[in-house]
Each structure stands twice: as structure tokens, then as C-alpha cells.
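To start, the structure itself, in C-alpha cells.
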Amino acid sequence: MASRVREVEEENRQIRLQLSQSQGLAAQPAEGNYGNQQWVASADTGPEDVENTAEERANHSECSRSPTAEKCELIHVACVCAGHNASRDVVTLVKSILFHRRNPLHFHFITDTVANQILSTLFQSWMVPSVQVSFYDADELKSEVSWIPNKHYSGIYGLMKLTLTKALPSNLSKVIVLDTDITFATDIAELWAIFRKFTEKQVIGLVENQSDWYLGNLWKNHKPWPALGRGFNTGVILLYIERLRRIGWEQMWRLTAERELMSMLSTSLADQDIFNAFIKQNPVLVHQLPCFWNVQLSDHTRSEQCYTEVSDLKVIHWNSPKKLRVKNKHVEFFRNLYLTFLEYDGNLLRRELFGCPSQASSESTVLQQALEELDEDDQCYDFRRERIMVHRVHLYFLQYEYTPTDDGTDITLVAQFSMDRLQMLEAICKHWEGPISLALYMSDAEAQQFLRYAQASEVLKNRKNVGYHIVYKEGQFYPVNLVRNVALRNVNTPYVFLTDVDFLPMYGLYDYLRKSIVQLDMANTKKALVVPAFETLRYRLSFPKSKAELLSMLDMGTLYTFRYHVWTKGHAPTNYAKWRTATTPYKVEWEADFEPYVVVRRDCPEYDQRFVGFGWNKVSHIMELDAQEYDLIVLPNAFMIHMPHAPSFDISKFRSSPSYRYCLSTLKDEFHQDLSRKYGSAALKYLTAQRNI
């Protein structure tokens with residue numbers, strides 16, 4: 001473990017070196033010093049610096065004089081985050097902070113219900129050492145700011161930073177407050193250390209606004225809120241909460257807002273307008289930060305005049321609705337820096353802070369104990385390790401909306417896939433109009449490719465009832481059943497259709513299944529409805545619109561019963577001969593290696609996660625359904641068709657590796673034993689059936 005940590009540290013050191021070199025290459029001379037630079041120097045330098053030359057003062061980085069945080073000092077960071085898109089942005093921000101950090105961190109998130117679910121799951125599965133996370137319900141704070149009319153695109157959440165003295169713990173003395181569209185290019189401890197430079201009266205640290213917005217000259221009749229000079233940007237704030245509470249911050253900002261709203265009627269830049277009006281009345285309370293702590297890439301920006309060299313930058317702020325498309329001389333460099341963290345492997349950030357003792361989370365303690373119990377000399381060690389590995393999970397990667405039906409029969413299509421099956425998504429959405437829960441096994445970079453693909457697809461971007469859940473790649477096996485379980489756990493309907501992404505359901509299957517659920521009284525009985533599976537070897541298929549058309553294609557050899565030529569046992573118990581003429585549902589018995597695609601209640605057993613890659617991942621699940629006495633009922637007018645694709649990497653390993661096949665056989669035996677312990681003598685038939693094969 002120690003050697004692995006050293007490898008990661010070295011890799012991160014090399015990337016930092018590359019970033020600093022690219023910064024040097026991208027550096028351009030500035031057009032001149034920006035803003036009230038003399039005040040910046042006086043705010044952030046000591047008396048001994050007065051004799052410095054103008055050239056030395058222009059060097060904004062002031063590396064030799066930068067204050068530093070204490071080793072192992074806990075740094076507190078607060079962020080307001082609401083919705084699916086902001087949750088994605090927060091991850092990139094957090095990555096940039098974790099990449100450079102050398103101190104323990106405590107993140108405080110003010111979230112809505114959506115962001116809470118996404119981020120709590122993400123951090124719990126990420127398990128980054130020396131990182132604490134706390135969540136605060138934004139709904140409980142809405143009444144504090146809902147009375148303020150706000151024209152800004154951030155809505156009511158753009159005002160939430162005003163409530164932090166009330167929202168955050170009473171024993172928290174200071175905190176760095178960040179917008180979600182921030183990227184760090186340095187250690188956040190440097191910013192934290194600036195708190196030490198505050199005078200006794202200063203309670204808030206801000207960077208001057210880098211646009212002419214508050215000067216009121218952007219267009220005719222432009223009337224901004226009052227501000228001190230150019231005003232300040234609130235994307236990066238040093239908040240001395242202890243002092244703010246002492247001076248009665250909550251009452252002070254309210255009185256400021258009430259007074260200004262009498263003439264302004266609404267805010268244009270959300271909390272920033274109110275902060276600036278407050279500072280205009282109380283300038284002694286603000287500590288101005290050098291502008292490299294918040295380089296603002298917004299519309300009408302003057303940020304290029306803020307720095308001498310690109311390498312001076314500390315924090316980049318994408319504070320425009322245009323985000324990466326904003327105009328700036330060095331925007332290509334900024335964009336590349338952002339994309340570096342966007343696609344950076346988050347698993348590499350799970351590194352210990354040497355010399356800083358940390359309290360391990362209960363999850364990481366359990367994981368460590370489980371790892372220590374494994375025998376590294378076991379031939380199947382890698383398989384067993386995969387079973388207990390914790391993968392990072394980002395739920396609802398894209399916007400998701402679902403309205404429950406009134407009749408309680410709604411059903412979600414549940415599947416998993418990786419990047420090589422991405423082309424199936426649009427077709428599935430055309431065939432299935434109901435809700436879908438998909439778990440995607442991808443790297444950080446692949447997740448971003450998927451995001452771009454989905455946002456560019458007319459079919460996908462118009463479907464809001466599809467939940468996309470990213471399970472990040474780690475380890476040498478495809479943890480297929482773990483990925484399936486992520487999709488299954490995040491279903492919002494009472495019933496699920498458990499399928500694979502390379503199958504296209506027949507047109508109208510969603511409505512047919514809902515009717516079958518009622519007819520077969522699934523709410524009060526244990527049933528698994530079997531949807532018969534077929535396949536084509538043709539990449540272009542005229543999809544059958546009815547059972548009669550499918551039977552005709554079956555007779556002509558255009559379609560086949562699924563896997564009849566390579567794995568007959570997998571679907572033989574469906575009894576295709578009977579299905580051809582069936583007009584009513586019929587019951588079939590479980591047989592060894594049966595692995596149909598089924599509709600069950602959402603409370604069905606999960607997939608067994610010991611099975612990874614190819615082999616027995618669905619067979620074991622159907623076996624457990626049978627052990628729990630589910631009736632297997634074949635639907636007479638339902639079908640699905642498997643579309644052709646290249647063999648997976650895992651099936652190639654199964655075919656070529658005797659060790660792989662040996663371990664799969666070992667896992668089967670252990671599964672049988674576990675089944676017998678769980679279900680008693682009723683499970684003996686599975687062991688007998690396996691021995692008779």
C-alpha cells in the first residue's frame with residue numbers, strides 16, 4: 001500500500017510539473033496592472049514590502065511572501081449546490097482542490113434533495129482519506145431569502161450564501177466559500193492562510209470584480225446595485241463566520257437588502273449585489289484579495305489585465321452562462337486546465353496525507369478488514385478482491401425527472417453497459433417510452449465523452465425519465481453485477497424489467513407489461529414474468545411489429561431463438577415451441593443455467609456481486625429468485641431481440657484463460673454452499689442439478 005501511495009504521489013508530482021510547464025508556455029505579457037493594485041498590495045503585504053519596486057509589485061504571485069497554513073490544519077470549504085448539473089460541476093471543483101491539497105479538508109454542502117443524494121453517495125463511495133463532508137438542507141433556508149426578487153440564472157440558490165452564518169455549525173469560526181464553477185490551480189491552504197492577514201475588524205475576503213458591471217456603463221440606462229468602485233465578486237469568499245455573527249450579520253444584510261430593493265426592485269447578480277451594497281456601507285470590514293485568487297472569465301471581463309503571467313493564476317472562475325465558450329485571450333489554456341480535472345481519474349486522489357493522523361471512516365475500516373482477511377496466495381485472490389472493492393458512484397449524472405403513475409403499475413427498464421455499447425442507447429429509448437435506470441461502467445474521461453454524446457443526441461436530450469448512474473472503473477474485472485445493482489437500487493417504480501442493453505424490446509412492450517402486471521396480480525404474488533428473447537445476426541434489421549411478423553422472420557431464418565447455437569440451456573426452459581401458439585401466460589420450471597430476462601417487483605433480491613466479467617452473473621440471480629419461490633411465468637405476446645456486437649473482453653478471457661474458468665467454477669461451488677445455508681434443504685436441488693450437467 002505504501003509503495004502504491006508513493007507511485008501516486010510521484011504521478012501527481014509529474015502532472016503538477018507538466019501543468020506548470022504548460023502555464024509557462026501559455027504565459028503572455030499583460031497589458032498593464034489591473035484595478036486598484038496599490039490597495040491589493042497594502043491589504044496583502046507587510047510594511048517591509050513598501051520599498052519594493054513597481055516591477056516587483058507587479059509580480060502578483062509573491063511566492064516568497066505567501067503565508068502558509070499549519071501542517072495538518074483542517075481547512076473548511078463551503079459550497080451551495082442544487083440539481084444535477086451543479087453536482088457534476090462540484091466534482092470537478094473538488095478534484096482540483098484534492099489534486100493540490102496537503103491538508104485535511106472538511107466540505108460543507110448546502111444542497112437540495114437531488115444534490116444531497118448524488119454527493120452523499122459519491123463521497124461515501126470515493127472514500128478519500130482526511131476528507132470530511134457535511135450536508136445542510138437548502139429547503140430549510142429558503143424562507144430566509146425567498147422574499148428577495150432575483151433575476152440571476154442561479155435562482156433562489158444564488159442567494160443562499162447570505163445564510164451561511166445560520167446554516168453552518170456554531171463552532172465553525174472561518175470558512176472558504178466557493179461557487180461550483182471554480183477551478184483551483186494551487187493548494188487551497190495558501191488561500192486559507194490569508195485569514196491570518198485579516199485585521200481585527202475585517203470579516204470577509206474578496207477579489208475585486210473584473211468587469212465594468214458595477215460602474216454602470218455597460219449599456220444605456222444600466223443601473224447596477226451600489227458597490228465600492230468596481231465592486232467585488234463573490235465566487236471566492238473568505239468568510240470569518242465567528243466575527244460575522246458577532247457583528248450581527250444576519251440583521252445587517254437583511255436591512256441592506258430591504259433598503260436597496262425599495263429602488264432596485266430585484267437583484268441582478270444574486271447574493272453578490274447584496275454583499276456589495278453591504279460593503280459600500282461598511283468598507284472597513286472587507287479584506288481585498290489579489291485578483292489571481294478569482295480570475296473571472298465572464299462576459300465583459302477584464303481579467304486579462306489581472307495577471308502578468310498565466311503561471312501566476314491561483315483560481316479560475318467560469319462565471320458566465322457561456323462557461324467554456326467565453327472569450328479570453330488565454331481561454332484555451334484555461335479550458336485545458338479545466339478539462340484536465342474534468343477527466344482526471346478520481347481514484348488517484350484517494351491518497352493518504354503523510355504525517356497527518358486521520359480518523360478512518362467506518363466504510364474504509366470495514367473494507368480494510370475484509371482485504372486483510374483475503375489470502376493473497378489464493379489463485380482466485382483477484383476475483384475475491386473484486387467482490388469487496390468499493391467503486392466510486394455518481395448517481396443521476398444527467399437531468400432526471402419522474403412523475404409516479406396513479407395506478408401503481410409503473411415499470412422501469414434496468415440495464416448496465418460500458419462505452420462499447422453506447423450506440424444502443426438511442427434505439428432503446430425509441431423502443432421503450434417508460435422510465436429507464438442505466439448504470440454505466442466508465443472511466444472519468446469516458447463519462448465526459450458520454451456526456452457530450454448525450455447532450456448532442458436529439459433522442460437522448462429530450463428524454464428526462466432516464467436515470468444515468470456512473471460506476472467508475474477500477475480493477476481488472478468488469479464488476480457486472482455490482483453495476484447492475486446500482487441501476488436496480490435507483491429505481492423509482494414498483495416494478496422492474498431486468499434486461500441487457502444490447503436487447504431491443506418490442507414496440508409497445510412498456511404498455512403490455514403494465515397490463516400484464518395487473519392481470520397476473522403481481523402486487524400480491526411472487527412472480528417473475530419472462531420476456532422471450534430472440535436474436536439476429538444482422539446489423540440492420542427490419543424490426544418486427546408483431547408476434548406474427550416475428551414468427552415469420554423466425555421461419556425464414558432472419559431471427560433465431562437467443563443463443564440456440566452456442567448456449568441452448570440458457571433459454572430452453574422458456575419453451576419456444578409452446579410460445580409460438582400460446583395466447584395466455586404459462587408457467588415454466590427452473591432448470592440449471594436458465595437465465596431469462598424478467599419483470600419482477602422492485603424488492604427482488606439483488607445480483608450476487610462475486611460474479612464479475614463473464615459467466616453466471618444472471619444464472620445465479622434467477623436461481624435465487626427460484627429459491628425464494630418466485631413463479632416463472634412466460635408472457636405469450638412479449639418479445640425482445642438481441643442485436644449483434646463484437647465479443648466482450650471478458651468472454652475472450654473466459655475462453656482463453658484456464659485460471660479464469662477454474663475460479664468461476666470455484667465461485668459457483670461457493671455460491672451453491674451459501675444458497676444452501678440461506679434456504680436450507682430447498683436449495684439442494686441446485687447442487688444436484690449442477691452435478692448432473
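Residues are referred to by chain and number: the chain letter is A, B, ... according to the order shown in the C-alpha cells, the number counts from 1 in that chain, and ligands are numbered separately from 1 in the order shown.
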request  = Step one, run DSSP on the backbone; step two, keep only residues of range 147-276 of chain A assigned to alpha helix (DSSP H); then write them as a ChimeraX atom specification.
outcome  = /A:164-167,188-192,241-246,249-264,271-276
Store the residues picked out above in a file with C-alpha atoms, as a compact mmCIF listing (two decimals), in the first residue's frame.
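Once everything was written out, this is selection.txt:
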# COMPACT_ATOMS: atom_id res chain seq x y z
CA LEU A 164 -24.17 30.64 5.94
CA THR A 165 -23.86 32.10 9.44
CA LYS A 166 -27.18 30.44 10.22
CA ALA A 167 -26.66 27.22 8.23
CA ILE A 188 -6.15 25.81 -1.21
CA ALA A 189 -4.08 26.09 2.00
CA GLU A 190 -2.46 29.22 0.51
CA LEU A 191 -5.87 30.86 0.35
CA TRP A 192 -6.79 29.65 3.85
CA ILE A 241 -18.09 33.48 10.37
CA GLU A 242 -17.29 33.90 14.05
CA ARG A 243 -16.79 37.64 13.58
CA LEU A 244 -19.80 37.99 11.26
CA ARG A 245 -22.05 36.52 13.92
CA ARG A 246 -20.56 38.87 16.47
CA TRP A 249 -24.51 39.83 10.05
CA GLU A 250 -27.99 38.34 9.59
CA GLN A 251 -29.72 41.56 10.55
CA MET A 252 -27.21 43.76 8.70
CA TRP A 253 -27.55 42.11 5.29
CA ARG A 254 -31.34 41.99 5.63
CA LEU A 255 -31.52 45.72 6.36
CA THR A 256 -29.20 46.40 3.41
CA ALA A 257 -31.30 44.29 1.05
CA GLU A 258 -34.59 45.82 2.20
CA ARG A 259 -33.25 49.35 1.76
CA GLU A 260 -31.85 48.80 -1.75
CA LEU A 261 -34.80 46.77 -3.02
CA MET A 262 -37.02 49.78 -2.48
CA SER A 263 -35.36 51.35 -5.52
CA MET A 264 -33.70 48.39 -7.31
CA ASP A 271 -26.03 37.44 -3.39
CA GLN A 272 -23.21 39.45 -5.00
CA ASP A 273 -25.39 42.56 -5.24
CA ILE A 274 -26.28 42.41 -1.55
CA PHE A 275 -22.70 41.70 -0.45
CA ASN A 276 -21.52 44.74 -2.45
message = Taking 4 positions as the minimum chain separation for residues in the same chain, which residues sit within 8 Å of Leu513 in chain A when counting only C-alpha atoms? Answer as a PyMOL selection string.
response = chain A and resi 411+509+517
request  = Compile the contact shell of Glu73 in chain A as a list in words: residues with an atom at most 10 Å away, counting only C-alpha atoms, same-chain residues fewer than 2 positions apart removed.
outcome  =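 The contact residues come out as Ala69, Glu70, Lys71, Ile75, His76, Arg102, Asn103, Pro104, Leu105, Ala189, Trp192 and Cys356 of chain A.
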inquiry  = To one decimal place in Å, what is the distance between CA of His431 in chain A and CA of Gly508 in chain A?
reply    =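 Atom-to-atom, CA of His431 in chain A to CA of Gly508 in chain A, that is 7.5 Å.
Residues lying within 8 Å of Lys464 in chain A, counting only C-alpha atoms and ignoring same-chain neighbours fewer than 6 positions away, are Gln399, Tyr400, Glu401 and Tyr402 of chain A.
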Could you write those residues out with C-alpha atoms, as a JSON list (two decimals), in the first residue's frame?
[["chain", "number", "residue", "atom", "x", "y", "z"],
["A", 399, "GLN", "CA", -31.02, 15.69, -15.54],
["A", 400, "TYR", "CA", -33.68, 13.24, -14.33],
["A", 401, "GLU", "CA", -37.41, 13.80, -13.90],
["A", 402, "TYR", "CA", -40.01, 11.22, -12.98]]
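The coordinates place CA of Tyr453 in chain A at 19.1 Å from CA of Tyr338 in chain A.
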query = Mind pulling up the distance from CA of Met640 in chain A to CA of Val566 in chain A?
reply =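 Interatomic distance, CA of Val566 in chain A to CA of Met640 in chain A: 18.4 Å.
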Residue among A:Ile633, A:Cys429, A:Val284, A:Ala115 lying closest to Gly205 in chain A, counting only C-alpha atoms =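 Closest to Gly205 in chain A of all the choices is A:Val284.
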Contact residues around range 139-143 of chain A with only C-alpha atoms at 10 Å, ignoring same-chain residues under 3 positions, as a list in words =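 Residues meeting the cut-off are Ile110, Thr111, Asp112, Thr113, Tyr136, Ser146, Trp147, Ile148, Ile156, Tyr157, Leu159, Met160, Leu162, Thr163, Leu164, Lys166 and Ala167 of chain A.
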Who sits within 12 Å of Leu551 in chain A, only C-alpha atoms, same chain under 5 positions skipped, as a list in words =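 The contact residues come out as Phe534, Pro544, Lys545, Ser546, Met556, Gly557, Thr558, Leu559, Tyr560, Thr561, Tyr576, Ala577, Trp579, Arg580, Thr581, Asn637 and Phe639 of chain A.
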message = Give me, as a VMD selection string, all polymer residues having an atom no more than 10 Å from range 224-232 of chain A, counting only C-alpha atoms and skipping those fewer than 6 positions away in the same chain.
response = chain A and resid 35 to 36 205 to 218 260 to 261 263 to 264 266 to 269 272 to 283 286 288 to 289
key: Residues of range 391-428 of chain A in strand (DSSP E or B), written as a PyMOL selection string   = chain A and resi 393-394+411-418
Counting only C-alpha atoms, which residues of range 361-461 of chain A sit at most 10 Å from some atom of range 81-92 of chain A, and what is each one's closest atom pair with its distance in Å to one decimal, listed by chain and rising residue number, as JSON lines?
{"residue": "A:His394", "atom": "CA", "partner": "A:Arg88", "partner_atom": "CA", "distance": 8.7}
{"residue": "A:Leu395", "atom": "CA", "partner": "A:His84", "partner_atom": "CA", "distance": 9.1}
{"residue": "A:Tyr396", "atom": "CA", "partner": "A:His84", "partner_atom": "CA", "distance": 6.8}
{"residue": "A:Phe397", "atom": "CA", "partner": "A:His84", "partner_atom": "CA", "distance": 6.6}
{"residue": "A:Leu398", "atom": "CA", "partner": "A:His84", "partner_atom": "CA", "distance": 6.0}
{"residue": "A:Gln399", "atom": "CA", "partner": "A:His84", "partner_atom": "CA", "distance": 5.5}
{"residue": "A:Tyr400", "atom": "CA", "partner": "A:His84", "partner_atom": "CA", "distance": 7.8}
Convert the current residue selection to file output with N, CA and C atoms, as a PDB file, in the first residue's frame.
ATOM      1  N   HIS A 394     -21.470   7.899  -9.180  1.00  0.00           N
ATOM      2  CA  HIS A 394     -22.106   9.209  -9.368  1.00  0.00           C
ATOM      3  C   HIS A 394     -23.513   8.961  -9.902  1.00  0.00           C
ATOM      4  N   LEU A 395     -24.500   9.078  -9.025  1.00  0.00           N
ATOM      5  CA  LEU A 395     -25.887   8.849  -9.419  1.00  0.00           C
ATOM      6  C   LEU A 395     -26.417  10.019 -10.242  1.00  0.00           C
ATOM      7  N   TYR A 396     -27.400   9.727 -11.088  1.00  0.00           N
ATOM      8  CA  TYR A 396     -28.114  10.768 -11.854  1.00  0.00           C
ATOM      9  C   TYR A 396     -27.143  11.776 -12.466  1.00  0.00           C
ATOM     10  N   PHE A 397     -26.289  11.269 -13.329  1.00  0.00           N
ATOM     11  CA  PHE A 397     -25.246  12.074 -13.972  1.00  0.00           C
ATOM     12  C   PHE A 397     -25.853  13.161 -14.857  1.00  0.00           C
ATOM     13  N   LEU A 398     -27.033  12.903 -15.395  1.00  0.00           N
ATOM     14  CA  LEU A 398     -27.759  13.876 -16.209  1.00  0.00           C
ATOM     15  C   LEU A 398     -29.092  14.223 -15.548  1.00  0.00           C
ATOM     16  N   GLN A 399     -29.714  15.264 -16.046  1.00  0.00           N
ATOM     17  CA  GLN A 399     -31.018  15.692 -15.536  1.00  0.00           C
ATOM     18  C   GLN A 399     -32.004  14.526 -15.545  1.00  0.00           C
ATOM     19  N   TYR A 400     -32.719  14.342 -14.438  1.00  0.00           N
ATOM     20  CA  TYR A 400     -33.682  13.236 -14.329  1.00  0.00           C
ATOM     21  C   TYR A 400     -34.979  13.761 -13.735  1.00  0.00           C
TER      22      TYR A 400
END
